[in-house]
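Student: Next comes run-v2.cif, mmCIF, N, CA and C atoms:
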data_final
#
loop_
_atom_site.label_atom_id
_atom_site.label_comp_id
_atom_site.auth_asym_id
_atom_site.auth_seq_id
_atom_site.Cartn_x
_atom_site.Cartn_y
_atom_site.Cartn_z
N MET A 1 12.39 -54.06 -73.75
CA MET A 1 13.63 -53.30 -73.76
C MET A 1 13.48 -52.13 -74.73
N ARG A 2 13.88 -50.96 -74.26
CA ARG A 2 13.83 -49.77 -75.11
C ARG A 2 15.17 -49.59 -75.82
N VAL A 3 15.10 -49.52 -77.15
CA VAL A 3 16.29 -49.28 -77.96
C VAL A 3 16.04 -48.04 -78.82
N PHE A 4 17.13 -47.48 -79.30
CA PHE A 4 17.06 -46.36 -80.21
C PHE A 4 17.67 -46.82 -81.53
N VAL A 5 16.99 -46.55 -82.63
CA VAL A 5 17.40 -47.04 -83.95
C VAL A 5 17.83 -45.85 -84.82
N ASP A 6 19.07 -45.89 -85.29
CA ASP A 6 19.62 -44.84 -86.15
C ASP A 6 19.00 -44.94 -87.55
N THR A 7 19.00 -43.83 -88.24
CA THR A 7 18.41 -43.74 -89.58
C THR A 7 19.00 -44.77 -90.54
N ASN A 8 20.31 -45.04 -90.44
CA ASN A 8 20.89 -45.96 -91.42
C ASN A 8 20.31 -47.37 -91.29
N VAL A 9 19.91 -47.76 -90.11
CA VAL A 9 19.30 -49.08 -89.92
C VAL A 9 17.91 -49.09 -90.58
N LEU A 10 17.17 -48.02 -90.43
CA LEU A 10 15.86 -47.92 -91.07
C LEU A 10 15.99 -47.99 -92.59
N LEU A 11 16.96 -47.25 -93.12
CA LEU A 11 17.16 -47.25 -94.57
C LEU A 11 17.63 -48.60 -95.10
N ASP A 12 18.36 -49.36 -94.28
CA ASP A 12 18.75 -50.71 -94.70
C ASP A 12 17.51 -51.54 -95.03
N VAL A 13 16.46 -51.37 -94.25
CA VAL A 13 15.23 -52.14 -94.47
C VAL A 13 14.42 -51.52 -95.61
N LEU A 14 14.21 -50.23 -95.55
CA LEU A 14 13.37 -49.59 -96.56
C LEU A 14 13.93 -49.73 -97.97
N ALA A 15 15.26 -49.71 -98.09
CA ALA A 15 15.90 -49.82 -99.41
C ALA A 15 16.46 -51.22 -99.67
N GLU A 16 16.22 -52.14 -98.72
CA GLU A 16 16.73 -53.52 -98.83
C GLU A 16 18.21 -53.54 -99.17
N ARG A 17 18.98 -52.77 -98.41
CA ARG A 17 20.43 -52.65 -98.67
C ARG A 17 21.17 -53.87 -98.13
N LYS A 18 21.76 -54.59 -99.05
CA LYS A 18 22.59 -55.76 -98.72
C LYS A 18 24.00 -55.28 -98.45
N PRO A 19 24.75 -55.89 -97.60
CA PRO A 19 24.46 -57.09 -96.81
C PRO A 19 23.83 -56.79 -95.45
N HIS A 20 23.37 -55.57 -95.24
CA HIS A 20 22.90 -55.14 -93.92
C HIS A 20 21.43 -55.43 -93.67
N TYR A 21 20.71 -55.76 -94.71
CA TYR A 21 19.26 -55.90 -94.63
C TYR A 21 18.82 -56.90 -93.57
N ASP A 22 19.40 -58.08 -93.54
CA ASP A 22 18.89 -59.16 -92.68
C ASP A 22 18.88 -58.78 -91.20
N ALA A 23 19.98 -58.29 -90.69
CA ALA A 23 20.04 -57.94 -89.27
C ALA A 23 19.14 -56.74 -88.96
N SER A 24 19.14 -55.75 -89.84
CA SER A 24 18.29 -54.58 -89.63
C SER A 24 16.82 -54.96 -89.69
N ALA A 25 16.46 -55.83 -90.63
CA ALA A 25 15.07 -56.28 -90.74
C ALA A 25 14.65 -57.09 -89.51
N ALA A 26 15.56 -57.85 -88.94
CA ALA A 26 15.24 -58.61 -87.72
C ALA A 26 14.92 -57.66 -86.57
N VAL A 27 15.69 -56.58 -86.44
CA VAL A 27 15.41 -55.58 -85.41
C VAL A 27 14.05 -54.94 -85.68
N TRP A 28 13.80 -54.57 -86.93
CA TRP A 28 12.52 -53.96 -87.31
C TRP A 28 11.36 -54.88 -86.93
N LEU A 29 11.48 -56.17 -87.24
CA LEU A 29 10.41 -57.12 -86.93
C LEU A 29 10.19 -57.25 -85.43
N LEU A 30 11.25 -57.19 -84.64
CA LEU A 30 11.10 -57.23 -83.18
C LEU A 30 10.33 -56.00 -82.70
N ALA A 31 10.60 -54.86 -83.29
CA ALA A 31 9.87 -53.64 -82.93
C ALA A 31 8.42 -53.74 -83.39
N GLU A 32 8.22 -54.23 -84.59
CA GLU A 32 6.88 -54.33 -85.14
C GLU A 32 6.00 -55.28 -84.32
N SER A 33 6.60 -56.34 -83.79
CA SER A 33 5.85 -57.31 -83.00
C SER A 33 5.68 -56.87 -81.55
N GLY A 34 6.28 -55.76 -81.17
CA GLY A 34 6.17 -55.27 -79.81
C GLY A 34 7.16 -55.87 -78.84
N ARG A 35 8.09 -56.67 -79.34
CA ARG A 35 9.10 -57.28 -78.47
C ARG A 35 10.21 -56.31 -78.11
N LEU A 36 10.31 -55.23 -78.86
CA LEU A 36 11.22 -54.12 -78.55
C LEU A 36 10.40 -52.83 -78.54
N ASP A 37 10.73 -51.96 -77.63
CA ASP A 37 10.20 -50.60 -77.64
C ASP A 37 11.26 -49.79 -78.39
N ALA A 38 11.01 -49.52 -79.65
CA ALA A 38 12.03 -48.92 -80.51
C ALA A 38 11.69 -47.47 -80.81
N ALA A 39 12.63 -46.60 -80.47
CA ALA A 39 12.49 -45.17 -80.71
C ALA A 39 13.41 -44.75 -81.85
N VAL A 40 13.01 -43.69 -82.53
CA VAL A 40 13.82 -43.09 -83.58
C VAL A 40 13.75 -41.58 -83.44
N ALA A 41 14.77 -40.90 -83.92
CA ALA A 41 14.74 -39.44 -83.92
C ALA A 41 13.68 -38.96 -84.90
N ALA A 42 13.01 -37.88 -84.54
CA ALA A 42 12.01 -37.31 -85.44
C ALA A 42 12.62 -36.99 -86.79
N VAL A 43 13.89 -36.58 -86.81
CA VAL A 43 14.54 -36.24 -88.08
C VAL A 43 14.73 -37.47 -88.96
N SER A 44 14.65 -38.66 -88.40
CA SER A 44 14.75 -39.87 -89.23
C SER A 44 13.60 -39.96 -90.22
N PHE A 45 12.45 -39.43 -89.83
CA PHE A 45 11.31 -39.44 -90.75
C PHE A 45 11.61 -38.59 -91.98
N THR A 46 12.15 -37.39 -91.77
CA THR A 46 12.45 -36.53 -92.90
C THR A 46 13.60 -37.08 -93.73
N ASN A 47 14.62 -37.63 -93.05
CA ASN A 47 15.75 -38.22 -93.78
C ASN A 47 15.30 -39.39 -94.65
N CYS A 48 14.48 -40.27 -94.08
CA CYS A 48 14.00 -41.43 -94.84
C CYS A 48 13.09 -40.99 -95.99
N TRP A 49 12.19 -40.05 -95.72
CA TRP A 49 11.30 -39.58 -96.78
C TRP A 49 12.12 -39.03 -97.95
N TYR A 50 13.09 -38.19 -97.63
CA TYR A 50 13.89 -37.57 -98.68
C TYR A 50 14.60 -38.63 -99.53
N LEU A 51 15.27 -39.57 -98.89
CA LEU A 51 16.05 -40.56 -99.64
C LEU A 51 15.17 -41.55 -100.38
N VAL A 52 14.10 -42.03 -99.74
CA VAL A 52 13.22 -42.98 -100.43
C VAL A 52 12.53 -42.28 -101.60
N ARG A 53 12.10 -41.05 -101.42
CA ARG A 53 11.46 -40.31 -102.52
C ARG A 53 12.43 -40.10 -103.68
N ARG A 54 13.65 -39.75 -103.34
CA ARG A 54 14.66 -39.50 -104.38
C ARG A 54 14.93 -40.74 -105.22
N PHE A 55 14.99 -41.89 -104.58
CA PHE A 55 15.37 -43.10 -105.31
C PHE A 55 14.19 -44.01 -105.64
N GLY A 56 13.04 -43.82 -104.96
CA GLY A 56 11.92 -44.72 -105.20
C GLY A 56 10.62 -44.05 -105.58
N GLY A 57 10.57 -42.72 -105.50
CA GLY A 57 9.37 -42.00 -105.86
C GLY A 57 8.50 -41.62 -104.68
N ALA A 58 7.51 -40.76 -104.97
CA ALA A 58 6.66 -40.21 -103.92
C ALA A 58 5.79 -41.27 -103.25
N ALA A 59 5.27 -42.20 -104.01
CA ALA A 59 4.41 -43.24 -103.42
C ALA A 59 5.21 -44.11 -102.44
N ALA A 60 6.42 -44.48 -102.83
CA ALA A 60 7.26 -45.29 -101.94
C ALA A 60 7.63 -44.52 -100.68
N ALA A 61 7.87 -43.22 -100.83
CA ALA A 61 8.22 -42.39 -99.67
C ALA A 61 7.04 -42.30 -98.71
N GLY A 62 5.86 -42.11 -99.23
CA GLY A 62 4.67 -42.06 -98.37
C GLY A 62 4.45 -43.37 -97.63
N LYS A 63 4.63 -44.48 -98.34
CA LYS A 63 4.50 -45.81 -97.70
C LYS A 63 5.55 -45.97 -96.60
N ALA A 64 6.77 -45.53 -96.86
CA ALA A 64 7.84 -45.63 -95.87
C ALA A 64 7.48 -44.86 -94.60
N LEU A 65 6.93 -43.65 -94.76
CA LEU A 65 6.54 -42.85 -93.59
C LEU A 65 5.47 -43.53 -92.76
N ARG A 66 4.51 -44.14 -93.43
CA ARG A 66 3.44 -44.84 -92.70
C ARG A 66 4.00 -46.05 -91.97
N LEU A 67 4.92 -46.77 -92.60
CA LEU A 67 5.55 -47.91 -91.92
C LEU A 67 6.32 -47.46 -90.68
N LEU A 68 7.11 -46.41 -90.84
CA LEU A 68 7.87 -45.89 -89.70
C LEU A 68 6.94 -45.45 -88.57
N ARG A 69 5.91 -44.71 -88.92
CA ARG A 69 4.96 -44.21 -87.92
C ARG A 69 4.31 -45.35 -87.15
N ASP A 70 4.00 -46.45 -87.85
CA ASP A 70 3.28 -47.54 -87.23
C ASP A 70 4.17 -48.45 -86.37
N VAL A 71 5.49 -48.37 -86.55
CA VAL A 71 6.39 -49.28 -85.84
C VAL A 71 7.23 -48.58 -84.77
N PHE A 72 7.69 -47.38 -85.05
CA PHE A 72 8.68 -46.73 -84.19
C PHE A 72 8.09 -45.52 -83.47
N ARG A 73 8.60 -45.29 -82.27
CA ARG A 73 8.18 -44.14 -81.47
C ARG A 73 9.14 -42.99 -81.74
N PRO A 74 8.64 -41.88 -82.29
CA PRO A 74 9.54 -40.76 -82.57
C PRO A 74 9.93 -40.01 -81.30
N VAL A 75 11.18 -39.57 -81.27
CA VAL A 75 11.67 -38.72 -80.20
C VAL A 75 11.66 -37.30 -80.76
N ASP A 76 10.90 -36.44 -80.12
CA ASP A 76 10.78 -35.06 -80.59
C ASP A 76 12.15 -34.39 -80.63
N LEU A 77 12.36 -33.61 -81.67
CA LEU A 77 13.57 -32.80 -81.76
C LEU A 77 13.32 -31.52 -80.98
N THR A 78 14.01 -31.37 -79.88
CA THR A 78 13.82 -30.22 -79.00
C THR A 78 15.02 -29.28 -79.10
N ALA A 79 14.83 -28.09 -78.56
CA ALA A 79 15.95 -27.14 -78.49
C ALA A 79 17.08 -27.73 -77.65
N GLN A 80 16.74 -28.47 -76.61
CA GLN A 80 17.77 -29.09 -75.78
C GLN A 80 18.62 -30.07 -76.59
N ILE A 81 17.97 -30.93 -77.37
CA ILE A 81 18.71 -31.89 -78.19
C ILE A 81 19.57 -31.16 -79.21
N LEU A 82 19.01 -30.15 -79.86
CA LEU A 82 19.80 -29.38 -80.82
C LEU A 82 21.02 -28.75 -80.17
N ASN A 83 20.84 -28.12 -79.01
CA ASN A 83 21.96 -27.49 -78.32
C ASN A 83 23.01 -28.51 -77.90
N GLN A 84 22.56 -29.64 -77.41
CA GLN A 84 23.52 -30.69 -77.03
C GLN A 84 24.29 -31.19 -78.24
N ALA A 85 23.59 -31.36 -79.35
CA ALA A 85 24.24 -31.84 -80.57
C ALA A 85 25.23 -30.81 -81.11
N ILE A 86 24.84 -29.55 -81.07
CA ILE A 86 25.74 -28.48 -81.54
C ILE A 86 26.99 -28.42 -80.69
N ASP A 87 26.83 -28.60 -79.38
CA ASP A 87 27.97 -28.50 -78.46
C ASP A 87 28.76 -29.80 -78.33
N ALA A 88 28.24 -30.88 -78.89
CA ALA A 88 28.92 -32.18 -78.79
C ALA A 88 30.22 -32.16 -79.58
N ARG A 89 31.11 -32.98 -79.17
CA ARG A 89 32.39 -33.08 -79.89
C ARG A 89 32.38 -34.27 -80.86
N LEU A 90 31.30 -34.37 -81.61
CA LEU A 90 31.20 -35.42 -82.62
C LEU A 90 31.48 -34.81 -83.98
N ASP A 91 32.12 -35.59 -84.85
CA ASP A 91 32.46 -35.10 -86.18
C ASP A 91 31.23 -34.87 -87.06
N ASP A 92 30.16 -35.61 -86.81
CA ASP A 92 28.98 -35.57 -87.65
C ASP A 92 27.79 -35.04 -86.84
N PHE A 93 27.26 -33.89 -87.26
CA PHE A 93 26.14 -33.27 -86.54
C PHE A 93 24.93 -34.19 -86.48
N GLU A 94 24.61 -34.86 -87.59
CA GLU A 94 23.44 -35.74 -87.62
C GLU A 94 23.61 -36.88 -86.62
N ASP A 95 24.82 -37.43 -86.50
CA ASP A 95 25.07 -38.47 -85.48
C ASP A 95 24.89 -37.91 -84.08
N ALA A 96 25.28 -36.66 -83.87
CA ALA A 96 25.10 -36.03 -82.56
C ALA A 96 23.62 -35.89 -82.22
N VAL A 97 22.81 -35.53 -83.21
CA VAL A 97 21.36 -35.45 -82.99
C VAL A 97 20.81 -36.83 -82.66
N GLN A 98 21.25 -37.84 -83.39
CA GLN A 98 20.80 -39.21 -83.11
C GLN A 98 21.17 -39.62 -81.69
N TYR A 99 22.42 -39.38 -81.30
CA TYR A 99 22.89 -39.77 -79.98
C TYR A 99 22.09 -39.08 -78.87
N HIS A 100 21.92 -37.78 -78.98
CA HIS A 100 21.20 -37.06 -77.92
C HIS A 100 19.70 -37.37 -77.93
N SER A 101 19.17 -37.78 -79.06
CA SER A 101 17.79 -38.27 -79.10
C SER A 101 17.69 -39.60 -78.36
N ALA A 102 18.70 -40.45 -78.50
CA ALA A 102 18.72 -41.73 -77.78
C ALA A 102 18.78 -41.49 -76.28
N VAL A 103 19.58 -40.53 -75.86
CA VAL A 103 19.66 -40.18 -74.44
C VAL A 103 18.29 -39.70 -73.95
N GLN A 104 17.67 -38.81 -74.71
CA GLN A 104 16.34 -38.29 -74.35
C GLN A 104 15.32 -39.41 -74.24
N ALA A 105 15.42 -40.40 -75.10
CA ALA A 105 14.48 -41.53 -75.11
C ALA A 105 14.73 -42.50 -73.96
N ARG A 106 15.85 -42.32 -73.27
CA ARG A 106 16.26 -43.24 -72.19
C ARG A 106 16.43 -44.67 -72.73
N ALA A 107 17.03 -44.75 -73.90
CA ALA A 107 17.26 -46.04 -74.54
C ALA A 107 18.34 -46.83 -73.81
N LYS A 108 18.18 -48.13 -73.79
CA LYS A 108 19.19 -49.02 -73.19
C LYS A 108 20.39 -49.19 -74.11
N CYS A 109 20.17 -48.96 -75.43
CA CYS A 109 21.28 -49.02 -76.38
C CYS A 109 20.87 -48.28 -77.65
N LEU A 110 21.87 -47.92 -78.43
CA LEU A 110 21.69 -47.24 -79.70
C LEU A 110 22.14 -48.20 -80.79
N LEU A 111 21.27 -48.47 -81.75
CA LEU A 111 21.59 -49.40 -82.83
C LEU A 111 21.91 -48.62 -84.10
N THR A 112 23.09 -48.87 -84.64
CA THR A 112 23.57 -48.17 -85.83
C THR A 112 24.57 -49.06 -86.55
N ARG A 113 24.80 -48.76 -87.81
CA ARG A 113 25.91 -49.43 -88.50
C ARG A 113 27.18 -48.62 -88.39
N ASN A 114 27.10 -47.42 -87.86
CA ASN A 114 28.27 -46.56 -87.72
C ASN A 114 28.70 -46.49 -86.25
N VAL A 115 28.98 -47.62 -85.68
CA VAL A 115 29.31 -47.70 -84.25
C VAL A 115 30.46 -46.76 -83.90
N ASP A 116 31.46 -46.67 -84.75
CA ASP A 116 32.63 -45.84 -84.46
C ASP A 116 32.35 -44.34 -84.51
N HIS A 117 31.19 -43.93 -84.98
CA HIS A 117 30.86 -42.51 -85.06
C HIS A 117 30.34 -41.95 -83.74
N PHE A 118 30.09 -42.82 -82.77
CA PHE A 118 29.46 -42.41 -81.53
C PHE A 118 30.43 -42.53 -80.36
N PRO A 119 30.21 -41.70 -79.33
CA PRO A 119 31.11 -41.75 -78.17
C PRO A 119 30.88 -42.99 -77.33
N ARG A 120 31.89 -43.37 -76.58
CA ARG A 120 31.75 -44.46 -75.61
C ARG A 120 31.16 -43.86 -74.35
N THR A 121 29.94 -44.25 -74.07
CA THR A 121 29.20 -43.68 -72.94
C THR A 121 28.43 -44.79 -72.23
N PRO A 122 27.66 -44.42 -71.23
CA PRO A 122 26.84 -45.45 -70.57
C PRO A 122 25.82 -46.12 -71.49
N ILE A 123 25.47 -45.48 -72.61
CA ILE A 123 24.56 -46.12 -73.56
C ILE A 123 25.40 -46.94 -74.53
N PRO A 124 25.26 -48.26 -74.51
CA PRO A 124 26.00 -49.07 -75.48
C PRO A 124 25.57 -48.74 -76.91
N VAL A 125 26.54 -48.68 -77.80
CA VAL A 125 26.29 -48.44 -79.22
C VAL A 125 26.67 -49.72 -79.94
N LEU A 126 25.68 -50.33 -80.59
CA LEU A 126 25.85 -51.64 -81.22
C LEU A 126 25.33 -51.64 -82.64
N SER A 127 25.89 -52.50 -83.46
CA SER A 127 25.30 -52.74 -84.77
C SER A 127 24.07 -53.64 -84.57
N PRO A 128 23.15 -53.67 -85.52
CA PRO A 128 22.02 -54.59 -85.38
C PRO A 128 22.47 -56.05 -85.18
N ALA A 129 23.51 -56.47 -85.90
CA ALA A 129 24.00 -57.85 -85.75
C ALA A 129 24.55 -58.10 -84.36
N GLU A 130 25.30 -57.13 -83.82
CA GLU A 130 25.84 -57.26 -82.47
C GLU A 130 24.72 -57.32 -81.43
N PHE A 131 23.71 -56.48 -81.62
CA PHE A 131 22.58 -56.46 -80.70
C PHE A 131 21.85 -57.80 -80.70
N LEU A 132 21.59 -58.33 -81.88
CA LEU A 132 20.89 -59.61 -81.98
C LEU A 132 21.70 -60.74 -81.37
N ALA A 133 23.02 -60.73 -81.57
CA ALA A 133 23.88 -61.78 -81.02
C ALA A 133 23.94 -61.71 -79.49
N ALA A 134 23.79 -60.51 -78.93
CA ALA A 134 23.91 -60.33 -77.48
C ALA A 134 22.59 -60.55 -76.74
N ASN A 135 21.49 -60.63 -77.47
CA ASN A 135 20.18 -60.75 -76.84
C ASN A 135 19.41 -61.93 -77.40
N SER A 136 18.70 -62.60 -76.53
CA SER A 136 17.91 -63.74 -76.93
C SER A 136 16.45 -63.32 -77.06
N PHE A 137 15.88 -63.49 -78.24
CA PHE A 137 14.47 -63.18 -78.47
C PHE A 137 13.79 -64.45 -78.93
N ARG A 138 13.10 -65.08 -78.01
CA ARG A 138 12.42 -66.35 -78.33
C ARG A 138 10.95 -66.16 -78.37
#
Would you write out, as structure tokens, the structure that this file holds?

Tutor:
Amino acid sequence: MRVFVDTNVLLDVLAERKPHYDASAAVWLLAESGRLDAAVAAVSFTNCWYLVRRFGGAAAAGKALRLLRDVFRPVDLTAQILNQAIDARLDDFEDAVQYHSAVQARAKCLLTRNVDHFPRTPIPVLSPAEFLAANSFR
């Protein structure tokens, strides 16, 4: 199953943010094991690098980038995605980029902790906990 993972889910794992860590880490492990085809926006790499470097230092940021690269498939940021995000009627531009990257990736769902920030569309938007509860991974 192809899913799209929002930056906040990645940061939950990289920064071990409680109480969100467990569900986000479970999604990460499914992607790492190949049980999920997990895509992320290319801008998630820069967002994660910036935040991990700011709070954990350059070495931690470099390690985070290598982990992301080895587990997740980046969705290129294209002019089309930028234009769609700019023209979207979403309050948050970064969420619009995430959403249109998920569409470009042909994801079956978008995983985020900010479910209410995204439009109701054919792509289900779920929290990691909701996704895990709705799917059986044995």

Student: Sorted by chain and rising residue number, which residues of range 26-136 of chain A lie within 8 Å of range 13-20 of chain A, and what are their closest atom pairs and distances in Å to one decimal, counting only N, CA and C atoms, as a tab-separated table?

Tutor:
residue	atom	partner	partner_atom	distance
A:Ala26	N	A:His20	C	7.9
A:Trp28	CA	A:Val13	CA	7.9
A:Val52	CA	A:Leu14	C	7.2
A:Ala64	CA	A:Leu14	CA	6.8

Student: Near Leu65 in chain A, counting all atoms listed in the file, which residues have an atom at most 8 Å away, once you skip same-chain residues fewer than 4 positions from it, shown as number ranges by chain?

Tutor: A: 45, 48-49, 59-61, 69-71

Student: I'd like the contact shell of Pro122 in chain A - 8 Å cut-off, all atoms listed in the file, skipping same-chain residues fewer than 6 positions apart - returned as a ChimeraX atom specification.

Tutor: /A:107-109

Student: Given the point (25.4, -54.7, -81.7) in the coordinates of this file, which residues lie within 9 Å, counting only C-alpha atoms, and how would they look as an NGL selection string?

Tutor: :A and (109-113 or 115 or 124-134)

Student: At what distance in Å, to one decimal, does atom C of Asp6 in chain A lie from atom N of His100 in chain A?

Tutor: 11.5 Å

Student: Could you please write out, as a PyMOL selection string, every residue of chain A that DSSP assigns to strand (DSSP E)?

Tutor: chain A and resi 2-5+37-41+73-75+109-111+125-126

Student: Counting only C-alpha atoms, find residues at most 10 Å from (34.0, -36.1, -84.3) (file frame) and give them as a list in words.

Tutor: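 Those residues, ordered by chain and then number, are Ala88, Arg89, Leu90, Asp91, Asp92, Phe93, Asp95, Ala96, Asp116, His117, Phe118 and Pro119 of chain A.
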
Student: Identify all residues satisfying the PyMOL selection byres ((chain A and resi 2) around 6) in the given file; provide them as a PyMOL selection string.

Tutor: chain A and resi 1+3-4+36-38+106-109

Student: Could you give me the residues within range 25-79 of chain A that DSSP places in helix (DSSP H, G or I), as number ranges by chain?

Tutor: A: 25-32, 42-56, 58-71, 79

Student: Could you tell me how far CA of Asp12 in chain A lies from CA of Ser24 in chain A, in Å and to one decimal?

Tutor: 6.4 Å

Student: In Å, with one decimal, what is the gap from CA of Ala39 in chain A to atom N of Pro74 in chain A?

Tutor: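 A separation of 5.3 Å between them.
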
Student: Here is a test: counting only N, CA and C atoms, which residue of A:Tyr99, A:Ala58, A:Leu10, A:Leu77 is nearest to Val43 in chain A?

Tutor: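 Closest candidate: A:Leu77.
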